[in-house]
Number of protein chains: 2
Amino acid sequence: MSECILCKEDGGQLVWRGDDARVVLIDDPDLPGYCRVIWNRHSAEMSDLSRVEREILMALVDVTEFAIRRVMRPQKINIASLGNQVPHIHWHVIPRFTDDPFFPGSIWSAKQRDLSDLVRKARRDSAKGLADAIRSGIADLA
Amino acid sequence: MSECILCKEDGGQLVWRGDDARVVLIDDPDLPGYCRVIWNRHSAEMSDLSRVEREILMALVDVTEFAIRRVMRPQKINIASLGNQVPHIHWHVIPRFTDDPFFPGSIWSAKQRDLSDLVRKARRDSAKGLADAIRSGIADLA
């Protein structure tokens, strides 16, 4: 759909793009390592996809989660497909740390604290390994 | 784990329970039809499950989504696995309406409006068909 931002743009720093879906890194200063897995075709709901398409998409979400855990060692992973504002299927895959600005709330909840510059830098440094880890995980799917 | 609430309790009104997982209805006055799909064994992350286990769990999430759409006709479905406060795998599957208290925010975002009593009653009435629709969808998986 021409007015949909995820139909027009990658929606983040492109890590990998396949025929069906892509993985991007989100440049959020509060949440280094935040990824999204985006279905390429405009569809609003998982239940609009075929069973095979859902499996393809969730395999990419799984790979992204595995890579984030291995590279960033977060205390928790958050996964969500909301799309209330952009109804084009995209999965948020987010490393969560007990000292991040929103923990233990969702990243859409009220901010509870600031991230220190030191921690932000360390976390951004560790996130540098993420794109390669995701691509390598996707290569192993084939 | 003995201190985990989802190890001790169903975690909602039980709709269906299998060997691996269960589906419950959440009694949230703001969000009639709100369901959770909960893994029975204590595990924190999807990536702690085997591939087969992840497929079993996501098939139940899919069935729940399909049932909610068919029965409640929401404007959007929200799906999320967060677990920052209760790190025992549970998927939120939530019917969203443009007039619900949080739309277009997440249900963990600030409340934007109240649900009218009339709409709440109508939505609770339509949610009454949900348990049967979910059980019927799960029976069709076999």
# chains A, B, ... in the order shown; residues from 1 in each chain; ligands from 1
call {"tool": "interface_residues", "arguments": {"of": "chain A", "to": "chain B", "cutoff": "9 Å", "atoms": "only C-alpha atoms", "output": "number ranges by chain"}}
result
A: 44-47, 55, 58, 62-63, 65-66, 69, 75-85, 87, 96, 98, 103-110
call {"tool": "closest_residue", "arguments": {"among": "A:Pro29, A:His42, A:Cys35, A:Val23", "to": "His88 (chain A)", "atoms": "only C-alpha atoms"}}
result
A:His42
call {"tool": "select_by_dssp", "arguments": {"residues": "region 6-94 of chain A", "states": "alpha helix (DSSP H)", "output": "ChimeraX atom specification"}}
result
/A:6-8,51-72
call {"tool": "write_last_selection", "arguments": {"atoms": "N, CA, C and O atoms", "output": "mmCIF file, in the first residue's frame"}}
result
data_model
loop_
_atom_site.group_PDB
_atom_site.id
_atom_site.type_symbol
_atom_site.label_atom_id
_atom_site.label_comp_id
_atom_site.auth_asym_id
_atom_site.auth_seq_id
_atom_site.Cartn_x
_atom_site.Cartn_y
_atom_site.Cartn_z
ATOM 1 N N LEU A 6 6.262 0.890 5.803
ATOM 2 C CA LEU A 6 7.035 -0.357 5.673
ATOM 3 C C LEU A 6 6.932 -0.963 4.269
ATOM 4 O O LEU A 6 7.638 -1.916 3.953
ATOM 5 N N CYS A 7 6.046 -0.405 3.444
ATOM 6 C CA CYS A 7 6.039 -0.764 2.015
ATOM 7 C C CYS A 7 7.025 0.098 1.238
ATOM 8 O O CYS A 7 7.526 -0.312 0.191
ATOM 9 N N LYS A 8 7.294 1.304 1.770
ATOM 10 C CA LYS A 8 8.137 2.257 1.044
ATOM 11 C C LYS A 8 9.600 2.185 1.469
ATOM 12 O O LYS A 8 10.491 2.456 0.663
ATOM 13 N N ARG A 51 0.122 -20.932 6.381
ATOM 14 C CA ARG A 51 0.863 -21.615 7.433
ATOM 15 C C ARG A 51 2.366 -21.636 7.122
ATOM 16 O O ARG A 51 3.198 -21.386 8.006
ATOM 17 N N VAL A 52 2.697 -21.895 5.863
ATOM 18 C CA VAL A 52 4.115 -21.930 5.481
ATOM 19 C C VAL A 52 4.749 -20.552 5.652
ATOM 20 O O VAL A 52 5.881 -20.421 6.133
ATOM 21 N N GLU A 53 4.016 -19.518 5.265
ATOM 22 C CA GLU A 53 4.550 -18.156 5.427
ATOM 23 C C GLU A 53 4.770 -17.822 6.901
ATOM 24 O O GLU A 53 5.788 -17.212 7.276
ATOM 25 N N ARG A 54 3.828 -18.218 7.751
ATOM 26 C CA ARG A 54 4.004 -17.966 9.193
ATOM 27 C C ARG A 54 5.240 -18.693 9.715
ATOM 28 O O ARG A 54 5.997 -18.153 10.535
ATOM 29 N N GLU A 55 5.466 -19.904 9.215
ATOM 30 C CA GLU A 55 6.637 -20.665 9.678
ATOM 31 C C GLU A 55 7.932 -20.000 9.236
ATOM 32 O O GLU A 55 8.902 -19.934 9.998
ATOM 33 N N ILE A 56 7.950 -19.503 7.997
ATOM 34 C CA ILE A 56 9.137 -18.791 7.494
ATOM 35 C C ILE A 56 9.424 -17.576 8.376
ATOM 36 O O ILE A 56 10.558 -17.341 8.809
ATOM 37 N N LEU A 57 8.381 -16.808 8.652
ATOM 38 C CA LEU A 57 8.556 -15.584 9.433
ATOM 39 C C LEU A 57 9.015 -15.895 10.857
ATOM 40 O O LEU A 57 9.950 -15.263 11.385
ATOM 41 N N MET A 58 8.382 -16.898 11.495
ATOM 42 C CA MET A 58 8.766 -17.202 12.878
ATOM 43 C C MET A 58 10.161 -17.806 12.947
ATOM 44 O O MET A 58 10.862 -17.625 13.958
ATOM 45 N N ALA A 59 10.596 -18.491 11.896
ATOM 46 C CA ALA A 59 11.980 -19.003 11.888
ATOM 47 C C ALA A 59 12.964 -17.830 11.908
ATOM 48 O O ALA A 59 14.012 -17.898 12.572
ATOM 49 N N LEU A 60 12.622 -16.759 11.210
ATOM 50 C CA LEU A 60 13.483 -15.568 11.221
ATOM 51 C C LEU A 60 13.448 -14.865 12.586
ATOM 52 O O LEU A 60 14.472 -14.368 13.066
ATOM 53 N N VAL A 61 12.274 -14.839 13.204
ATOM 54 C CA VAL A 61 12.173 -14.275 14.559
ATOM 55 C C VAL A 61 13.018 -15.111 15.530
ATOM 56 O O VAL A 61 13.770 -14.568 16.351
ATOM 57 N N ASP A 62 12.938 -16.430 15.399
ATOM 58 C CA ASP A 62 13.742 -17.319 16.254
ATOM 59 C C ASP A 62 15.232 -17.052 16.086
ATOM 60 O O ASP A 62 15.973 -16.943 17.064
ATOM 61 N N VAL A 63 15.681 -16.983 14.836
ATOM 62 C CA VAL A 63 17.102 -16.745 14.559
ATOM 63 C C VAL A 63 17.543 -15.415 15.176
ATOM 64 O O VAL A 63 18.621 -15.313 15.776
ATOM 65 N N THR A 64 16.699 -14.411 15.044
ATOM 66 C CA THR A 64 17.027 -13.087 15.594
ATOM 67 C C THR A 64 17.132 -13.161 17.119
ATOM 68 O O THR A 64 18.061 -12.616 17.721
ATOM 69 N N GLU A 65 16.179 -13.853 17.737
ATOM 70 C CA GLU A 65 16.239 -14.019 19.199
ATOM 71 C C GLU A 65 17.521 -14.740 19.618
ATOM 72 O O GLU A 65 18.227 -14.287 20.531
ATOM 73 N N PHE A 66 17.840 -15.842 18.933
ATOM 74 C CA PHE A 66 19.056 -16.600 19.260
ATOM 75 C C PHE A 66 20.290 -15.702 19.146
ATOM 76 O O PHE A 66 21.158 -15.702 20.021
ATOM 77 N N ALA A 67 20.363 -14.950 18.057
ATOM 78 C CA ALA A 67 21.534 -14.093 17.829
ATOM 79 C C ALA A 67 21.646 -13.025 18.914
ATOM 80 O O ALA A 67 22.737 -12.769 19.450
ATOM 81 N N ILE A 68 20.526 -12.407 19.271
ATOM 82 C CA ILE A 68 20.556 -11.375 20.315
ATOM 83 C C ILE A 68 21.027 -11.971 21.643
ATOM 84 O O ILE A 68 21.848 -11.390 22.344
ATOM 85 N N ARG A 69 20.512 -13.153 21.969
ATOM 86 C CA ARG A 69 20.924 -13.762 23.238
ATOM 87 C C ARG A 69 22.416 -14.064 23.240
ATOM 88 O O ARG A 69 23.114 -13.822 24.227
ATOM 89 N N ARG A 70 22.895 -14.600 22.113
ATOM 90 C CA ARG A 70 24.297 -15.017 22.060
ATOM 91 C C ARG A 70 25.221 -13.807 22.090
ATOM 92 O O ARG A 70 26.241 -13.805 22.787
ATOM 93 N N VAL A 71 24.868 -12.768 21.355
ATOM 94 C CA VAL A 71 25.759 -11.617 21.190
ATOM 95 C C VAL A 71 25.643 -10.642 22.372
ATOM 96 O O VAL A 71 26.650 -10.102 22.837
ATOM 97 N N MET A 72 24.426 -10.419 22.845
ATOM 98 C CA MET A 72 24.223 -9.342 23.829
ATOM 99 C C MET A 72 23.985 -9.825 25.260
ATOM 100 O O MET A 72 24.045 -9.046 26.202
#
call {"tool": "residues_around", "arguments": {"residues": "Leu14 (chain B)", "least_positions_apart": "2", "cutoff": "12 Å", "atoms": "only C-alpha atoms", "output": "ChimeraX atom specification"}}
result
/B:9-12,16-18,21-27,35-38,130-132,134-135
call {"tool": "atom_distance", "arguments": {"atom1": "CA of Asp99 (chain A)", "atom2": "CA of Lys111 (chain B)"}}
result
24.8 Å
call {"tool": "select_by_dssp", "arguments": {"residues": "region 7-81 of chain B", "states": "strand (DSSP E)", "output": "short mmCIF file (atom, residue, chain, number, x, y, z; two decimals) with N, CA and C atoms, in the first residue's frame"}}
result
data_model
loop_
_atom_site.label_atom_id
_atom_site.label_comp_id
_atom_site.auth_asym_id
_atom_site.auth_seq_id
_atom_site.Cartn_x
_atom_site.Cartn_y
_atom_site.Cartn_z
N GLN B 13 -8.81 -17.73 33.34
CA GLN B 13 -9.91 -18.71 33.23
C GLN B 13 -9.52 -19.76 32.19
N LEU B 14 -9.37 -21.00 32.66
CA LEU B 14 -8.84 -22.04 31.77
C LEU B 14 -9.80 -22.36 30.62
N VAL B 15 -9.30 -22.25 29.41
CA VAL B 15 -10.07 -22.56 28.21
C VAL B 15 -9.73 -23.97 27.73
N TRP B 16 -8.44 -24.27 27.77
CA TRP B 16 -7.96 -25.58 27.29
C TRP B 16 -6.61 -25.86 27.92
N ARG B 17 -6.36 -27.12 28.26
CA ARG B 17 -5.05 -27.50 28.77
C ARG B 17 -4.58 -28.78 28.08
N ALA B 21 1.01 -27.09 26.96
CA ALA B 21 0.62 -25.69 27.11
C ALA B 21 -0.87 -25.59 27.42
N ARG B 22 -1.28 -24.39 27.75
CA ARG B 22 -2.69 -24.14 28.04
C ARG B 22 -3.09 -22.77 27.50
N VAL B 23 -4.39 -22.59 27.34
CA VAL B 23 -4.92 -21.30 26.90
C VAL B 23 -5.86 -20.80 27.97
N VAL B 24 -5.71 -19.55 28.36
CA VAL B 24 -6.60 -18.97 29.38
C VAL B 24 -7.19 -17.66 28.88
N LEU B 25 -8.34 -17.31 29.43
CA LEU B 25 -8.97 -16.01 29.19
C LEU B 25 -8.66 -15.10 30.38
N CYS B 35 -6.60 -13.06 25.67
CA CYS B 35 -6.21 -14.44 25.96
C CYS B 35 -4.71 -14.54 26.23
N ARG B 36 -4.31 -15.56 26.93
CA ARG B 36 -2.88 -15.90 27.03
C ARG B 36 -2.69 -17.37 26.72
N VAL B 37 -1.60 -17.66 26.01
CA VAL B 37 -1.21 -19.03 25.75
C VAL B 37 0.07 -19.26 26.56
N ILE B 38 0.01 -20.20 27.48
CA ILE B 38 1.06 -20.36 28.49
C ILE B 38 1.72 -21.73 28.35
N TRP B 39 3.04 -21.75 28.29
CA TRP B 39 3.78 -23.01 28.28
C TRP B 39 3.69 -23.60 29.67
N LYS B 76 -7.61 -4.96 15.15
CA LYS B 76 -6.21 -5.41 15.10
C LYS B 76 -6.01 -6.49 16.14
N ILE B 77 -5.03 -7.37 15.87
CA ILE B 77 -4.60 -8.35 16.86
C ILE B 77 -3.22 -7.92 17.37
N ASN B 78 -3.02 -7.98 18.66
CA ASN B 78 -1.67 -7.77 19.23
C ASN B 78 -1.20 -9.09 19.83
N ILE B 79 0.05 -9.44 19.53
CA ILE B 79 0.64 -10.67 20.05
C ILE B 79 1.97 -10.31 20.70
N ALA B 80 2.22 -10.79 21.91
CA ALA B 80 3.49 -10.45 22.55
C ALA B 80 3.88 -11.48 23.59
N SER B 81 5.19 -11.73 23.66
CA SER B 81 5.80 -12.53 24.70
C SER B 81 6.86 -11.65 25.36
#
call {"tool": "atom_distance", "arguments": {"atom1": "CA of Pro32 (chain A)", "atom2": "CA of Ala127 (chain A)"}}
result
6.4 Å
call {"tool": "decode", "arguments": {"residues": "region 48-81 of chain B", "atoms": "N, CA, C and O atoms", "output": "mmCIF file, in the first residue's frame"}}
result
data_model
loop_
_atom_site.group_PDB
_atom_site.id
_atom_site.type_symbol
_atom_site.label_atom_id
_atom_site.label_comp_id
_atom_site.auth_asym_id
_atom_site.auth_seq_id
_atom_site.Cartn_x
_atom_site.Cartn_y
_atom_site.Cartn_z
ATOM 1 N N ASP B 48 14.605 -21.241 24.656
ATOM 2 C CA ASP B 48 14.877 -22.348 25.588
ATOM 3 C C ASP B 48 14.109 -23.605 25.174
ATOM 4 O O ASP B 48 14.379 -24.687 25.696
ATOM 5 N N LEU B 49 13.144 -23.448 24.279
ATOM 6 C CA LEU B 49 12.354 -24.595 23.813
ATOM 7 C C LEU B 49 13.024 -25.233 22.599
ATOM 8 O O LEU B 49 13.822 -24.595 21.905
ATOM 9 N N SER B 50 12.673 -26.489 22.329
ATOM 10 C CA SER B 50 13.132 -27.132 21.088
ATOM 11 C C SER B 50 12.323 -26.569 19.929
ATOM 12 O O SER B 50 11.281 -25.931 20.117
ATOM 13 N N ARG B 51 12.784 -26.832 18.721
ATOM 14 C CA ARG B 51 12.058 -26.349 17.551
ATOM 15 C C ARG B 51 10.624 -26.899 17.523
ATOM 16 O O ARG B 51 9.673 -26.170 17.233
ATOM 17 N N VAL B 52 10.493 -28.188 17.838
ATOM 18 C CA VAL B 52 9.158 -28.798 17.838
ATOM 19 C C VAL B 52 8.269 -28.141 18.895
ATOM 20 O O VAL B 52 7.088 -27.850 18.651
ATOM 21 N N GLU B 53 8.834 -27.892 20.059
ATOM 22 C CA GLU B 53 8.054 -27.238 21.118
ATOM 23 C C GLU B 53 7.617 -25.832 20.693
ATOM 24 O O GLU B 53 6.484 -25.421 20.938
ATOM 25 N N ARG B 54 8.525 -25.102 20.044
ATOM 26 C CA ARG B 54 8.155 -23.748 19.577
ATOM 27 C C ARG B 54 7.014 -23.834 18.567
ATOM 28 O O ARG B 54 6.099 -23.003 18.568
ATOM 29 N N GLU B 55 7.070 -24.852 17.698
ATOM 30 C CA GLU B 55 6.007 -24.996 16.697
ATOM 31 C C GLU B 55 4.665 -25.321 17.353
ATOM 32 O O GLU B 55 3.622 -24.794 16.953
ATOM 33 N N ILE B 56 4.697 -26.188 18.355
ATOM 34 C CA ILE B 56 3.469 -26.532 19.091
ATOM 35 C C ILE B 56 2.871 -25.270 19.714
ATOM 36 O O ILE B 56 1.675 -24.982 19.586
ATOM 37 N N LEU B 57 3.734 -24.493 20.353
ATOM 38 C CA LEU B 57 3.256 -23.283 21.048
ATOM 39 C C LEU B 57 2.701 -22.260 20.054
ATOM 40 O O LEU B 57 1.620 -21.690 20.274
ATOM 41 N N MET B 58 3.438 -22.031 18.951
ATOM 42 C CA MET B 58 2.965 -21.024 17.990
ATOM 43 C C MET B 58 1.693 -21.492 17.279
ATOM 44 O O MET B 58 0.868 -20.655 16.881
ATOM 45 N N ALA B 59 1.500 -22.798 17.114
ATOM 46 C CA ALA B 59 0.245 -23.282 16.521
ATOM 47 C C ALA B 59 -0.923 -22.916 17.432
ATOM 48 O O ALA B 59 -2.007 -22.545 16.949
ATOM 49 N N LEU B 60 -0.704 -22.980 18.749
ATOM 50 C CA LEU B 60 -1.765 -22.595 19.693
ATOM 51 C C LEU B 60 -2.006 -21.085 19.667
ATOM 52 O O LEU B 60 -3.148 -20.625 19.771
ATOM 53 N N VAL B 61 -0.928 -20.318 19.522
ATOM 54 C CA VAL B 61 -1.079 -18.863 19.391
ATOM 55 C C VAL B 61 -1.872 -18.545 18.113
ATOM 56 O O VAL B 61 -2.781 -17.708 18.123
ATOM 57 N N ASP B 62 -1.533 -19.230 17.023
ATOM 58 C CA ASP B 62 -2.252 -19.022 15.756
ATOM 59 C C ASP B 62 -3.744 -19.317 15.912
ATOM 60 O O ASP B 62 -4.594 -18.531 15.474
ATOM 61 N N VAL B 63 -4.048 -20.460 16.516
ATOM 62 C CA VAL B 63 -5.453 -20.853 16.695
ATOM 63 C C VAL B 63 -6.190 -19.794 17.517
ATOM 64 O O VAL B 63 -7.328 -19.411 17.200
ATOM 65 N N THR B 64 -5.527 -19.306 18.554
ATOM 66 C CA THR B 64 -6.148 -18.299 19.416
ATOM 67 C C THR B 64 -6.404 -17.012 18.630
ATOM 68 O O THR B 64 -7.478 -16.409 18.727
ATOM 69 N N GLU B 65 -5.423 -16.611 17.831
ATOM 70 C CA GLU B 65 -5.609 -15.422 16.985
ATOM 71 C C GLU B 65 -6.784 -15.604 16.026
ATOM 72 O O GLU B 65 -7.640 -14.723 15.901
ATOM 73 N N PHE B 66 -6.818 -16.749 15.340
ATOM 74 C CA PHE B 66 -7.902 -17.016 14.390
ATOM 75 C C PHE B 66 -9.263 -16.935 15.093
ATOM 76 O O PHE B 66 -10.202 -16.325 14.583
ATOM 77 N N ALA B 67 -9.350 -17.564 16.273
ATOM 78 C CA ALA B 67 -10.621 -17.594 16.997
ATOM 79 C C ALA B 67 -11.048 -16.182 17.409
ATOM 80 O O ALA B 67 -12.214 -15.803 17.264
ATOM 81 N N ILE B 68 -10.089 -15.405 17.899
ATOM 82 C CA ILE B 68 -10.418 -14.031 18.321
ATOM 83 C C ILE B 68 -10.922 -13.225 17.123
ATOM 84 O O ILE B 68 -11.910 -12.496 17.215
ATOM 85 N N ARG B 69 -10.259 -13.361 15.988
ATOM 86 C CA ARG B 69 -10.698 -12.602 14.807
ATOM 87 C C ARG B 69 -12.100 -12.999 14.389
ATOM 88 O O ARG B 69 -12.930 -12.151 14.047
ATOM 89 N N ARG B 70 -12.341 -14.317 14.375
ATOM 90 C CA ARG B 70 -13.627 -14.802 13.887
ATOM 91 C C ARG B 70 -14.757 -14.395 14.829
ATOM 92 O O ARG B 70 -15.831 -13.976 14.392
ATOM 93 N N VAL B 71 -14.509 -14.508 16.132
ATOM 94 C CA VAL B 71 -15.571 -14.299 17.117
ATOM 95 C C VAL B 71 -15.775 -12.815 17.431
ATOM 96 O O VAL B 71 -16.895 -12.345 17.577
ATOM 97 N N MET B 72 -14.667 -12.070 17.517
ATOM 98 C CA MET B 72 -14.769 -10.698 18.030
ATOM 99 C C MET B 72 -14.602 -9.610 16.976
ATOM 100 O O MET B 72 -14.909 -8.452 17.221
ATOM 101 N N ARG B 73 -14.081 -9.997 15.817
ATOM 102 C CA ARG B 73 -13.901 -9.039 14.717
ATOM 103 C C ARG B 73 -13.193 -7.746 15.159
ATOM 104 O O ARG B 73 -13.716 -6.628 14.953
ATOM 105 N N PRO B 74 -12.019 -7.877 15.778
ATOM 106 C CA PRO B 74 -11.300 -6.666 16.217
ATOM 107 C C PRO B 74 -10.684 -5.934 15.034
ATOM 108 O O PRO B 74 -10.535 -6.498 13.942
ATOM 109 N N GLN B 75 -10.309 -4.683 15.263
ATOM 110 C CA GLN B 75 -9.611 -3.928 14.211
ATOM 111 C C GLN B 75 -8.170 -4.404 14.070
ATOM 112 O O GLN B 75 -7.556 -4.269 13.014
ATOM 113 N N LYS B 76 -7.606 -4.958 15.148
ATOM 114 C CA LYS B 76 -6.208 -5.407 15.097
ATOM 115 C C LYS B 76 -6.013 -6.489 16.139
ATOM 116 O O LYS B 76 -6.734 -6.529 17.141
ATOM 117 N N ILE B 77 -5.030 -7.365 15.869
ATOM 118 C CA ILE B 77 -4.599 -8.347 16.861
ATOM 119 C C ILE B 77 -3.222 -7.916 17.374
ATOM 120 O O ILE B 77 -2.367 -7.516 16.572
ATOM 121 N N ASN B 78 -3.015 -7.983 18.663
ATOM 122 C CA ASN B 78 -1.672 -7.774 19.227
ATOM 123 C C ASN B 78 -1.201 -9.088 19.828
ATOM 124 O O ASN B 78 -1.948 -9.745 20.561
ATOM 125 N N ILE B 79 0.047 -9.442 19.534
ATOM 126 C CA ILE B 79 0.644 -10.675 20.052
ATOM 127 C C ILE B 79 1.970 -10.305 20.703
ATOM 128 O O ILE B 79 2.777 -9.590 20.092
ATOM 129 N N ALA B 80 2.215 -10.791 21.905
ATOM 130 C CA ALA B 80 3.488 -10.453 22.549
ATOM 131 C C ALA B 80 3.885 -11.483 23.586
ATOM 132 O O ALA B 80 3.042 -12.053 24.288
ATOM 133 N N SER B 81 5.194 -11.728 23.659
ATOM 134 C CA SER B 81 5.802 -12.528 24.703
ATOM 135 C C SER B 81 6.860 -11.654 25.362
ATOM 136 O O SER B 81 7.916 -11.406 24.768
#
